[in-house]
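Before any comments, here is the structure.
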Amino acid sequence: MQKDLLGQDVFLIGPPGPLRRSIAMQYLELTKREVEYIALSRDTTETDLKQRREIRAGTAFYIDQCAVRAATEGRTLVLEGLEKAERNVLPVLNNLLENREMQLEDGRFLMSAERYDKLLQDHTKTELDAWKIVRVSEDFRVIALGLPVPRYSGNPLDPPLRSRFQARDIYYLPFQDQLKLLYSVGANVSAEKISQLLSFATTLCSQESSSLGLPDFPLDSLPAAVQILDSFPMMSIEHAIRWLYPYTVLLGHEGKMAVEVVLKRFELQDSRSSVLPEEVVRVEKMTENRVFQASVTIRIAEKEVTIKVPAGTRPLSQPCTSDRFIQTLSHKQLLAEMMQSHMVKDICLIGGKGCGKTVIAKNFADTLGYNIEPIMLYQDMTARELLQQRYTLPNGDTAWRSSPLVNAALEGKLVLLDGIHRVNAGTFAVLQRLIHDRELSLYDGSRLLREDRYMRLKEELQMSDEQLQKRSIFPVHPSFRIIALAEPPVTGSTAQQWLGPEFLTMFFFHYMKPLVKSEEMQVIKEMVPNMPQEALDKLLSFTHKLRETQDPTAQSLAASLSTRQLLRISRRLSQYPNEHLHSAVTKACLSRFLPSLARSALEKNLADATIEISTDNNLEPELEDYKCEVTSGSLRIGAVSAPIYNAHEKMKVPDVLFYDNIQHMIVMEDMLRDFLLGEHLLLVGNQGVGKNKIVDRFLHLLNRPREYIQLHRDTTVQTLTLQPSVKDGLIVYEDSPLVKAVKLGHVLVVDEADKAPTNVTCILKTLVENGEMILADGRRIVANSALVNGRENVVVIHPDFRMIVLANRPGFPFLGNDFFGTLGDIFSCHAVDNPKPHSELKMLRQYGPNVPEPILQKLVAAFGELRSLADQGIINYPYSTREVVNIVKHLQKFPTEGLSSVVRNVFDFDSYNNDMREILLNTLHKYGIPIGAKPTSVQLAKE
């Protein structure tokens, strides 16, 4: 108030959490001041603060944004998150803060009240209006909210900007006040326990703790936790602390020890850790006067406790009735704990790749009758994509389209934010106010209010819903909740952890442990009933041994064998019982392209688990056994047959020159099996081994039309889903190959998948896993046509849609991203290799029927040796079949040319690298290919 009377601008600085914002808002409420609020993020630009250009009826004009509106109308401008904004955006405000002046894009000039009033004595109002001078109200103030930056991450304040604010440190509430507050929330919890809990929390926020590198404890979430303890006074407090502060997942060994010392000091370590919620007994809907709630009964410590939680708008289903969901003990417990958190706050589920987070969240939603809105987050996501995006209407006007997240808030859905560990923290900050207060200010000027505040506003102003909507004020649906899904932070890595002090204030955290062996066994047996038992036992003991070792190599292998991947292996073995477990595991881990250390670890562990290579492999498979033939509308490759597709678009069926060879036929037989199981495929291999040829030949045999996308460094999520083009001066979006394939049931071939940034390819996950995806123009792809029921803008996935992704193998010398590491376990993986010597020879004979046999044999032998050198890491470049084929084609066409000059077409790349050249020449000379003979390489015999 003092600063307000002095006419100065205020900067409230302090630790993360909603406290600073609520103090600012309380002050403005008491003084009955109007407010303009903006949450800054790294995407905030000058136009978000000053003026934005819009087009109406073909004319461009400017609309004032928050800073200009606040200045002219005499409101208070609240800027939240100054440390998030890019360095040089905020200086736009310097002159406005200092002199209350600002030059606007549309030619107007904001001038301070005193100067304006002085001018008015000599000039009339009309003259000043003609000069486009606008008076800044004397009531205009700025309140900035920010975190202290060396301690927290962000951009430090620019000195000229900093000097224009008066700072005040808003530390946490004093101990006594907090204690009073918590006593009032938790009347059933013993006073002693509450003071122990609060002492623990304040200790973790002290300077000593932060010097140990412990993130701050989220004190603002304590009332919510005490609220839960109030309904469950028998629950262990240590357990509640883990929801607020998941130290077991978040910290390394030393950090955990430090936290446990503090727990001991305040006697919070519970020896009877058995007092945990066990399961949800029943869920009943309660609908009183349009409020969607459910009463949930939870069993805990031999008692049953009933609580009220928000429920969705659909009818409820009983817990665990879903056919795709198998209840194990730990799942039951997790669901019960999520119900408790759901009573008071949004949830964040942390768990490894493919462990079933989405499945749990979906089951949770079904139990409470929620509609789910899955939103896949990726690294380059901007605040616009989270909240509202610009688009043009058919007549060329600009308009805003609300994001799925905002619509879900209005309709009371359950939002699944998938991959919250990927998104940039500076972008995610725009959701803080929605998560803490259920309020949101959008770019088009509309405001979302918490329901009770909206109702009070409605009564005070005596307005109807329609009138408030005209003024762009909407209520957030009381059922609206967020479940964020994330992978655990990597302890001990140098990169900035995603789970920082700011994130901690937003959610309750639940850690989804990997299933124990007996539970995983139960899940697989119920999902895949006819999986052979012996193979299942071997597979699980092998996987769990890998997961439990401390050796990092083995742990990276275990990551490829997530529950999701084990289910896929089991489905395959139950369908084709004569397949071998060994090949299924090596395929899932892509063992062909593992570094030699990891590969030997895998082989050793497989041998220990008595998973042997099949014995009949010493017989070289013959091409005769793998004939592919088409008879009466069905195609047979090897032992597998499939009906041939009836293609409507014949021109999209690929047709390619292909000479059969045994290796490729084996891969195609494998692909056909997966196709029949409805899997999407991932083919990984070196360059030039025929990945595209195999796929084209495979689709040609099946008569399937294909759509083709080639990814590259600049591929974005938008370009994957839409192709903009201009018609009659309007931007029209046409379906990308991806959308066409989904609509028409074609096969989508995604080439060079490792060249695109992994955050872009991540959106393929929702498409493959959940069959849901939101396109850049607001339409959505859904798997289940039952969900459409009259909604527009919905694209239903055609049952025949399949995806085949091609990628180069991970690691040097391929300069790609690790596609397999991020998304490998969603696809069924196939390693494609150069053909073995004798089938390569057979193939080359077909490419060069007139080339002398000895030359072909020399080439095959020499290249075979070069490839094995590349595998051992002696040379960098893996020579491939493509190179040999090109040499043979040349010799076929120009038979008179000598072999040595043709071979140079391949090896001249290396002619400037001396070490490499030595190795090459020696290898080629060894097989009698004369190349680059120099006087020095002539060796004279002794006399």
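Residue numbering restarts at 1 for every chain of the structure tokens, chains are lettered A, B, ... in their displayed order, and ligands are numbered from 1 as they appear.
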Item to check | Contacts of Asn850 in chain A within 9 Å, only C-alpha atoms, excl. fewer than 3 positions in-chain, as a ChimeraX atom specification | outcome: /A:845,853,891-892,895
Those selected residues, please, written with all heavy atoms and delivered as a short mmCIF file (atom, residue, chain, number, x, y, z; two decimals), in the first residue's frame.
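Output (result.cif):
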```cif
data_model
loop_
_atom_site.label_atom_id
_atom_site.label_comp_id
_atom_site.auth_asym_id
_atom_site.auth_seq_id
_atom_site.Cartn_x
_atom_site.Cartn_y
_atom_site.Cartn_z
N ARG A 845 24.46 -62.04 -59.47
CA ARG A 845 24.37 -62.70 -60.78
C ARG A 845 23.17 -62.19 -61.54
O ARG A 845 23.21 -62.08 -62.77
CB ARG A 845 24.25 -64.22 -60.61
CG ARG A 845 25.57 -64.88 -60.33
CD ARG A 845 25.44 -66.39 -60.40
NE ARG A 845 26.47 -67.03 -59.58
CZ ARG A 845 26.21 -67.85 -58.57
NH1 ARG A 845 24.95 -68.16 -58.27
NH2 ARG A 845 27.20 -68.37 -57.88
N GLU A 853 32.08 -64.69 -63.34
CA GLU A 853 31.85 -65.19 -61.97
C GLU A 853 33.00 -64.88 -61.01
O GLU A 853 32.76 -64.43 -59.89
CB GLU A 853 31.60 -66.70 -62.06
CG GLU A 853 31.34 -67.40 -60.76
CD GLU A 853 29.92 -67.19 -60.24
OE1 GLU A 853 29.07 -66.64 -60.98
OE2 GLU A 853 29.67 -67.57 -59.09
N LEU A 891 29.73 -52.78 -64.47
CA LEU A 891 30.49 -53.79 -65.23
C LEU A 891 29.60 -54.47 -66.27
O LEU A 891 30.07 -54.88 -67.32
CB LEU A 891 31.08 -54.83 -64.27
CG LEU A 891 32.22 -54.32 -63.38
CD1 LEU A 891 32.54 -55.35 -62.32
CD2 LEU A 891 33.46 -54.03 -64.21
N GLN A 892 28.31 -54.60 -65.96
CA GLN A 892 27.39 -55.23 -66.89
C GLN A 892 27.24 -54.37 -68.15
O GLN A 892 27.20 -54.86 -69.26
CB GLN A 892 26.03 -55.42 -66.19
CG GLN A 892 24.87 -55.81 -67.08
CD GLN A 892 24.97 -57.25 -67.56
OE1 GLN A 892 25.73 -58.05 -67.02
NE2 GLN A 892 24.22 -57.58 -68.60
N PRO A 895 31.48 -53.73 -70.20
CA PRO A 895 32.28 -54.90 -69.81
C PRO A 895 33.78 -54.72 -70.05
O PRO A 895 34.59 -55.41 -69.45
CB PRO A 895 31.73 -56.02 -70.70
CG PRO A 895 30.90 -55.36 -71.73
CD PRO A 895 30.55 -54.00 -71.28
#
```
Next on the checklist: For Tyr171 in chain A, find every residue with an atom within 9 Å (counting only C-alpha atoms), except residues of its own chain fewer than 6 positions away, and show them as a PyMOL selection string.
Outcome noted: chain A and resi 13-15+19-20
Checklist entry - Excluding same-chain residues fewer than 3 positions from range 325-333 of chain A, what lies within 8 Å of it counting only C-alpha atoms, as a VMD selection string? => result chain A and resid 276 to 280 320 to 322 336 to 337 359 to 360 363 515 519 522 to 523 526 to 527
Next on the checklist: Give me, as a ChimeraX atom specification, the residues of range 530-767 of chain A that a backbone DSSP run labels strand (DSSP E).
Outcome noted: /A:628-631,634-637,640-643,681-685,706-710,722-727,730-735,747-751
Checklist entry - Between CA of Leu12 in chain A and CA of Gln432 in chain A, what is the distance, to one decimal in Å? => result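 Calculated distance between CA of Leu12 in chain A and CA of Gln432 in chain A is 16.7 Å.
Nearest to Gln469 in chain A of all the residues A:Trp243, A:Phe675, A:Tyr847, A:Tyr454 is A:Tyr454, counting only C-alpha atoms.
Using only C-alpha atoms for every distance, the candidate list A:Leu387, A:Leu110, A:Leu229, A:Ile709 yields A:Leu229 as the residue closest to Ile194 in chain A.
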Name the residues in contact with range 830-834 of chain A at a cut-off of 9 Å, using only C-alpha atoms, excluding same-chain residues fewer than 2 positions from it; report them as a short mmCIF file (atom, residue, chain, number, x, y, z; two decimals) with N, CA, C and O atoms, in the first residue's frame.
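Writing the result to part.cif gives the following:
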```cif
data_model
loop_
_atom_site.label_atom_id
_atom_site.label_comp_id
_atom_site.auth_asym_id
_atom_site.auth_seq_id
_atom_site.Cartn_x
_atom_site.Cartn_y
_atom_site.Cartn_z
N LYS A 587 15.49 -59.55 -31.08
CA LYS A 587 14.82 -58.60 -31.97
C LYS A 587 14.36 -57.38 -31.18
O LYS A 587 14.52 -56.24 -31.60
N ALA A 588 13.77 -57.61 -30.00
CA ALA A 588 13.25 -56.51 -29.20
C ALA A 588 14.38 -55.59 -28.75
O ALA A 588 14.19 -54.39 -28.62
N LEU A 590 17.17 -55.23 -30.46
CA LEU A 590 17.95 -54.91 -31.66
C LEU A 590 19.40 -55.29 -31.46
O LEU A 590 20.30 -54.49 -31.67
N SER A 591 19.64 -56.54 -31.04
CA SER A 591 20.99 -56.90 -30.62
C SER A 591 21.99 -56.77 -31.76
O SER A 591 23.18 -56.57 -31.52
N ARG A 592 21.52 -56.86 -32.99
CA ARG A 592 22.45 -56.78 -34.12
C ARG A 592 23.22 -55.45 -34.10
O ARG A 592 24.35 -55.37 -34.55
N PHE A 593 22.59 -54.37 -33.58
CA PHE A 593 23.25 -53.07 -33.64
C PHE A 593 23.69 -52.57 -32.27
O PHE A 593 23.91 -51.39 -32.08
N GLN A 663 17.78 -63.85 -47.14
CA GLN A 663 17.71 -62.96 -45.97
C GLN A 663 16.45 -62.11 -45.99
O GLN A 663 15.74 -61.97 -45.00
N HIS A 664 16.24 -61.49 -47.15
CA HIS A 664 15.11 -60.58 -47.25
C HIS A 664 13.79 -61.32 -47.14
O HIS A 664 12.82 -60.79 -46.59
N VAL A 667 13.03 -61.80 -43.48
CA VAL A 667 12.51 -60.56 -42.87
C VAL A 667 11.05 -60.34 -43.27
O VAL A 667 10.21 -59.98 -42.45
N ASP A 670 8.70 -62.54 -41.42
CA ASP A 670 8.56 -61.97 -40.08
C ASP A 670 7.59 -60.78 -40.08
O ASP A 670 6.74 -60.65 -39.20
N MET A 671 7.75 -59.92 -41.08
CA MET A 671 6.88 -58.73 -41.17
C MET A 671 5.42 -59.16 -41.37
O MET A 671 4.51 -58.57 -40.81
N LEU A 681 5.36 -51.62 -37.61
CA LEU A 681 6.73 -52.16 -37.67
C LEU A 681 7.79 -51.06 -37.67
O LEU A 681 7.55 -49.96 -38.13
N LEU A 682 8.95 -51.44 -37.18
CA LEU A 682 10.11 -50.56 -37.26
C LEU A 682 11.25 -51.37 -37.86
O LEU A 682 11.62 -52.41 -37.32
N LEU A 683 11.78 -50.93 -39.01
CA LEU A 683 12.90 -51.63 -39.64
C LEU A 683 14.15 -50.81 -39.41
O LEU A 683 14.19 -49.63 -39.76
N VAL A 684 15.17 -51.43 -38.82
CA VAL A 684 16.40 -50.70 -38.53
C VAL A 684 17.54 -51.40 -39.25
O VAL A 684 17.60 -52.63 -39.26
N GLY A 685 18.43 -50.63 -39.85
CA GLY A 685 19.57 -51.25 -40.51
C GLY A 685 20.53 -50.20 -41.01
O GLY A 685 20.23 -49.01 -40.98
N ASN A 686 21.70 -50.65 -41.49
CA ASN A 686 22.64 -49.70 -42.09
C ASN A 686 22.07 -49.15 -43.38
O ASN A 686 21.05 -49.64 -43.87
N GLY A 688 21.68 -48.69 -47.37
CA GLY A 688 21.93 -49.52 -48.54
C GLY A 688 21.77 -51.00 -48.34
O GLY A 688 22.31 -51.79 -49.09
N VAL A 689 21.03 -51.44 -47.29
CA VAL A 689 20.85 -52.88 -47.14
C VAL A 689 19.48 -53.29 -47.69
O VAL A 689 19.11 -54.44 -47.59
N GLY A 690 18.75 -52.33 -48.24
CA GLY A 690 17.50 -52.69 -48.90
C GLY A 690 16.25 -52.54 -48.05
O GLY A 690 15.28 -53.25 -48.28
N LYS A 691 16.26 -51.63 -47.06
CA LYS A 691 15.04 -51.46 -46.24
C LYS A 691 13.86 -51.01 -47.11
O LYS A 691 12.78 -51.59 -47.05
N ARG A 809 20.60 -47.49 -38.14
CA ARG A 809 20.88 -48.03 -36.81
C ARG A 809 21.41 -46.92 -35.91
O ARG A 809 22.02 -45.96 -36.39
N SER A 828 7.08 -53.12 -33.36
CA SER A 828 7.72 -54.41 -33.42
C SER A 828 8.98 -54.21 -34.27
O SER A 828 8.88 -53.75 -35.40
N LYS A 836 23.79 -62.62 -46.73
CA LYS A 836 25.00 -63.43 -46.48
C LYS A 836 25.70 -63.67 -47.82
O LYS A 836 25.08 -63.57 -48.87
N PRO A 837 26.99 -64.03 -47.77
CA PRO A 837 27.77 -64.09 -49.02
C PRO A 837 27.09 -64.85 -50.15
O PRO A 837 26.98 -64.34 -51.25
N GLU A 840 24.12 -63.08 -51.50
CA GLU A 840 24.51 -61.83 -52.18
C GLU A 840 25.05 -62.16 -53.58
O GLU A 840 24.74 -61.50 -54.56
N SER A 880 27.87 -51.38 -48.01
CA SER A 880 26.60 -52.10 -48.09
C SER A 880 26.38 -52.72 -49.46
O SER A 880 27.12 -52.49 -50.40
N THR A 881 25.32 -53.49 -49.55
CA THR A 881 24.95 -54.14 -50.80
C THR A 881 24.75 -53.12 -51.93
O THR A 881 25.07 -53.37 -53.07
#
```
Next on the checklist: Excluding Thr586 in chain A and its own-chain neighbours fewer than 4 positions away, which residues fall within 12 Å of it when counting only C-alpha atoms? Please give them as an MDAnalysis selection string.
Outcome noted: chainID A and resid 539 557:558 560:561 569 580:582 590:594 598:603 605:606 611:613 828:831
Write the residues of the preceding selection, restricted to C-alpha atoms, as a PDB file, in the first residue's frame.
```pdb
ATOM      1  CA  LEU A 539      11.415 -64.660 -20.363  1.00  0.00           C
ATOM      2  CA  LEU A 557      18.953 -53.494 -22.161  1.00  0.00           C
ATOM      3  CA  ALA A 558      16.153 -53.806 -19.608  1.00  0.00           C
ATOM      4  CA  SER A 560      13.986 -52.247 -24.231  1.00  0.00           C
ATOM      5  CA  LEU A 561      12.120 -54.995 -22.385  1.00  0.00           C
ATOM      6  CA  ILE A 569       6.619 -60.883 -27.431  1.00  0.00           C
ATOM      7  CA  HIS A 580      12.111 -69.112 -30.712  1.00  0.00           C
ATOM      8  CA  LEU A 581      12.275 -66.989 -27.603  1.00  0.00           C
ATOM      9  CA  HIS A 582      15.906 -66.181 -28.317  1.00  0.00           C
ATOM     10  CA  LEU A 590      17.945 -54.909 -31.665  1.00  0.00           C
ATOM     11  CA  SER A 591      20.986 -56.898 -30.619  1.00  0.00           C
ATOM     12  CA  ARG A 592      22.448 -56.782 -34.121  1.00  0.00           C
ATOM     13  CA  PHE A 593      23.254 -53.074 -33.641  1.00  0.00           C
ATOM     14  CA  LEU A 594      24.217 -53.030 -29.981  1.00  0.00           C
ATOM     15  CA  ALA A 598      26.183 -54.625 -24.504  1.00  0.00           C
ATOM     16  CA  ARG A 599      25.781 -57.435 -27.008  1.00  0.00           C
ATOM     17  CA  SER A 600      28.037 -59.780 -25.076  1.00  0.00           C
ATOM     18  CA  ALA A 601      26.184 -58.874 -21.841  1.00  0.00           C
ATOM     19  CA  LEU A 602      22.902 -59.763 -23.559  1.00  0.00           C
ATOM     20  CA  GLU A 603      24.258 -63.065 -24.875  1.00  0.00           C
ATOM     21  CA  ASN A 605      22.394 -63.206 -19.690  1.00  0.00           C
ATOM     22  CA  LEU A 606      20.427 -65.163 -22.298  1.00  0.00           C
ATOM     23  CA  ILE A 611      17.379 -69.248 -23.638  1.00  0.00           C
ATOM     24  CA  GLU A 612      19.354 -70.900 -26.418  1.00  0.00           C
ATOM     25  CA  ILE A 613      19.642 -70.167 -30.076  1.00  0.00           C
ATOM     26  CA  SER A 828       7.719 -54.414 -33.421  1.00  0.00           C
ATOM     27  CA  CYS A 829      11.406 -54.137 -34.385  1.00  0.00           C
ATOM     28  CA  HIS A 830      13.197 -55.863 -37.245  1.00  0.00           C
ATOM     29  CA  ALA A 831      16.918 -55.610 -37.924  1.00  0.00           C
TER      30      ALA A 831
END
```
Checklist entry - Mind pulling up the distance from CA of Asp220 in chain A to CA of Leu79 in chain A? => result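 Between these atoms lies a distance of 20.7 Å.
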Item to check | Residues near Val795 in chain A, cut-off 12 Å, only C-alpha atoms, skip fewer than 5 positions along chain, as a list in words | outcome: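 After dropping sequence-adjacent residues, the list is Asp735, Leu738, Val739, Lys740, Ala741, Val742, Lys743, Leu744, Gly745, Gly771, Glu772, Met773, Ile774, Leu775, Gly778, Arg779, Arg780, Ile781, Val782, Ala783, Asn784, Ser785, Leu787, Val788 and Gly790 of chain A.
A straight line drawn from CA of Ser221 in chain A to CA of Lys180 in chain A is 15.2 Å long.
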Checklist entry - Which one is closest to Glu385 in chain A: A:Arg453, A:Val717, A:Asp818, A:Leu434? Count only C-alpha atoms. => result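 Smallest distance to Glu385 in chain A is found for A:Val717.
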